[in-house]
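The block underneath contains the structure these notes are about, expressed in structure tokens.
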Amino acid sequence: MTTPAPKRGLAWLWHELFEASLVIKGLLAGSESLAGLGLLLTSNQLILRFVAWLTHHELTQDPTDPMATWTRHAMEAFSIETQHFFAIYLMTHGGLKLAMVLLLARRILWAYPAAMVMLAGFILYQLNHWTHTHSPALLVLTAFDAFMIYLVWREYRALKVPQPAG
């Protein structure tokens, strides 16, 4: 990739943060897509047996273990329909983010505003979901996405400014 900002000063640092955030987003998006594919290709019964095996030892030592009992309880509601929903959701969500990362890495100009809109949509969804779960992880993801919007916006502005020749 060519660097639009000079290799000095604050502009260079912001560009490097943008590049690093693309790598992080790309790795997370790829992992998310692969997890969705794994869910789609793995039988529901195999997942349920794996969770039972995973929690069995904990529950024999402590039948009231909160994590193991919560996991077992969650698996009771893990139907094939739920599994397919999560598989398709993860593959779609991860695929969209991966496409966004690739377009931004190639410096496709229209992808910058599209990425900001897409990230804003993810933020709205995550905040809505947070009102039901109060999960700190959702707040961390939301903060990262908000920071990513800022970095994309800065990079977009820098790319739109005509670069001097030489």
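FYI, nothing fancy with the structure tokens labels: chains A, B, ... in order, residues from 1 per chain, ligands from 1 as they appear.
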Could you make a table, as CSV, of the residues of range 26-58 of chain A that have an atom within 9 Å of an atom of range 66-78 of chain A, each with its nearest atom pair and distance in Å to one decimal, counting only C-alpha atoms, in chain and number order?
residue,atom,partner,partner_atom,distance
A:Asn44,CA,A:Phe78,CA,8.1
A:Ile47,CA,A:Met75,CA,8.9
A:Leu48,CA,A:Met75,CA,6.6
A:Val51,CA,A:Arg72,CA,7.2
A:Ala52,CA,A:Arg72,CA,7.1
A:Leu54,CA,A:Ala68,CA,8.6
A:Thr55,CA,A:Ala68,CA,5.4
A:His56,CA,A:Ala68,CA,8.2
A:Glu58,CA,A:Ala68,CA,6.6
Please identify every residue of range 21-131 of chain A that has at least one atom no farther than 9 Å from an atom of range 135-149 of chain A, counting only C-alpha atoms, and for each give the shortest atom pair and the distance in Å to one decimal, arranged by chain then increasing number, as a Markdown table.
| residue | atom | partner | partner_atom | distance |
| --- | --- | --- | --- | --- |
| A:Ser21 | CA | A:Met148 | CA | 6.9 |
| A:Leu22 | CA | A:Met148 | CA | 8.6 |
| A:Ala115 | CA | A:Ile149 | CA | 7.8 |
| A:Met116 | CA | A:Ile149 | CA | 5.3 |
| A:Val117 | CA | A:Ile149 | CA | 8.6 |
| A:Leu119 | CA | A:Asp145 | CA | 6.1 |
| A:Ala120 | CA | A:Ala146 | CA | 7.5 |
| A:Phe122 | CA | A:Asp145 | CA | 7.8 |
| A:Ile123 | CA | A:Thr142 | CA | 5.4 |
| A:Leu124 | CA | A:Thr142 | CA | 8.6 |
| A:Gln126 | CA | A:Leu138 | CA | 6.1 |
| A:Leu127 | CA | A:Thr142 | CA | 7.4 |
| A:His129 | CA | A:Leu138 | CA | 8.0 |
| A:Trp130 | CA | A:Ser135 | CA | 6.0 |
| A:Thr131 | CA | A:Ser135 | CA | 8.7 |
For the structure I just gave you, how does DSSP split range 67-166 of chain A - specifically, which residues are alpha helix (DSSP H)? Reply as a PyMOL selection string.
chain A and resi 67-76+80-105+111-133+136-160
Name all residues at most 10 Å from range 24-32 of chain A (count only C-alpha atoms; drop same-chain ones fewer than 4 positions away) and give them as a compact mmCIF listing (two decimals) with N, CA and C atoms, in the first residue's frame.
# COMPACT_ATOMS: atom_id res chain seq x y z
N PHE A 18 -4.99 4.00 11.11
CA PHE A 18 -5.99 3.54 10.14
C PHE A 18 -5.57 2.18 9.57
N GLU A 19 -4.32 2.08 9.15
CA GLU A 19 -3.82 0.82 8.59
C GLU A 19 -3.90 -0.32 9.61
N ALA A 20 -3.52 -0.04 10.85
CA ALA A 20 -3.58 -1.07 11.91
C ALA A 20 -5.03 -1.48 12.17
N GLY A 36 -18.87 -18.67 11.29
CA GLY A 36 -20.19 -18.87 10.69
C GLY A 36 -20.21 -20.07 9.76
N LEU A 37 -19.16 -20.20 8.97
CA LEU A 37 -19.06 -21.36 8.07
C LEU A 37 -18.96 -22.64 8.87
N GLY A 38 -18.17 -22.61 9.95
CA GLY A 38 -18.06 -23.78 10.82
C GLY A 38 -19.40 -24.17 11.43
N ALA A 87 -25.11 -18.89 12.08
CA ALA A 87 -24.17 -19.17 10.99
C ALA A 87 -24.30 -18.13 9.89
N TYR A 89 -25.80 -15.18 10.07
CA TYR A 89 -25.49 -13.85 10.61
C TYR A 89 -23.98 -13.63 10.64
N LEU A 90 -23.23 -14.58 11.19
CA LEU A 90 -21.78 -14.42 11.29
C LEU A 90 -21.12 -14.34 9.91
N MET A 91 -21.57 -15.18 8.99
CA MET A 91 -20.98 -15.15 7.64
C MET A 91 -21.30 -13.83 6.94
N THR A 92 -22.51 -13.33 7.08
CA THR A 92 -22.90 -12.08 6.43
C THR A 92 -22.19 -10.89 7.07
N HIS A 93 -22.23 -10.81 8.39
CA HIS A 93 -21.60 -9.71 9.12
C HIS A 93 -20.10 -9.70 8.86
N GLY A 94 -19.47 -10.86 8.97
CA GLY A 94 -18.03 -10.96 8.71
C GLY A 94 -17.69 -10.67 7.26
N GLY A 95 -18.52 -11.18 6.35
CA GLY A 95 -18.27 -10.95 4.92
C GLY A 95 -18.37 -9.48 4.55
N LEU A 96 -19.37 -8.80 5.09
CA LEU A 96 -19.51 -7.35 4.83
C LEU A 96 -18.29 -6.59 5.34
N LYS A 97 -17.87 -6.91 6.56
CA LYS A 97 -16.70 -6.22 7.11
C LYS A 97 -15.43 -6.55 6.32
N LEU A 98 -15.30 -7.80 5.89
CA LEU A 98 -14.12 -8.18 5.11
C LEU A 98 -14.11 -7.44 3.77
N ALA A 99 -15.26 -7.33 3.12
CA ALA A 99 -15.35 -6.58 1.86
C ALA A 99 -14.99 -5.12 2.11
N MET A 100 -15.49 -4.55 3.21
CA MET A 100 -15.18 -3.16 3.54
C MET A 100 -13.67 -2.98 3.71
N VAL A 101 -13.05 -3.88 4.45
CA VAL A 101 -11.61 -3.78 4.69
C VAL A 101 -10.83 -3.86 3.36
N LEU A 102 -11.21 -4.80 2.51
CA LEU A 102 -10.50 -4.95 1.24
C LEU A 102 -10.67 -3.72 0.35
N PHE A 144 -14.80 0.72 19.43
CA PHE A 144 -13.84 0.45 18.35
C PHE A 144 -14.43 0.86 17.00
N ASP A 145 -15.70 0.55 16.77
CA ASP A 145 -16.34 0.94 15.51
C ASP A 145 -16.44 2.46 15.38
N MET A 148 -13.11 3.66 14.51
CA MET A 148 -12.87 3.27 13.12
C MET A 148 -13.54 4.27 12.16
In Å, rounded to a single decimal, give me how far CA of Leu10 in chain A is from CA of Tyr112 in chain A.
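These two atoms are separated by 20.7 Å.
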Pairwise distance, CA of Ala35 in chain A with CA of Arg49 in chain A, equals 18.0 Å
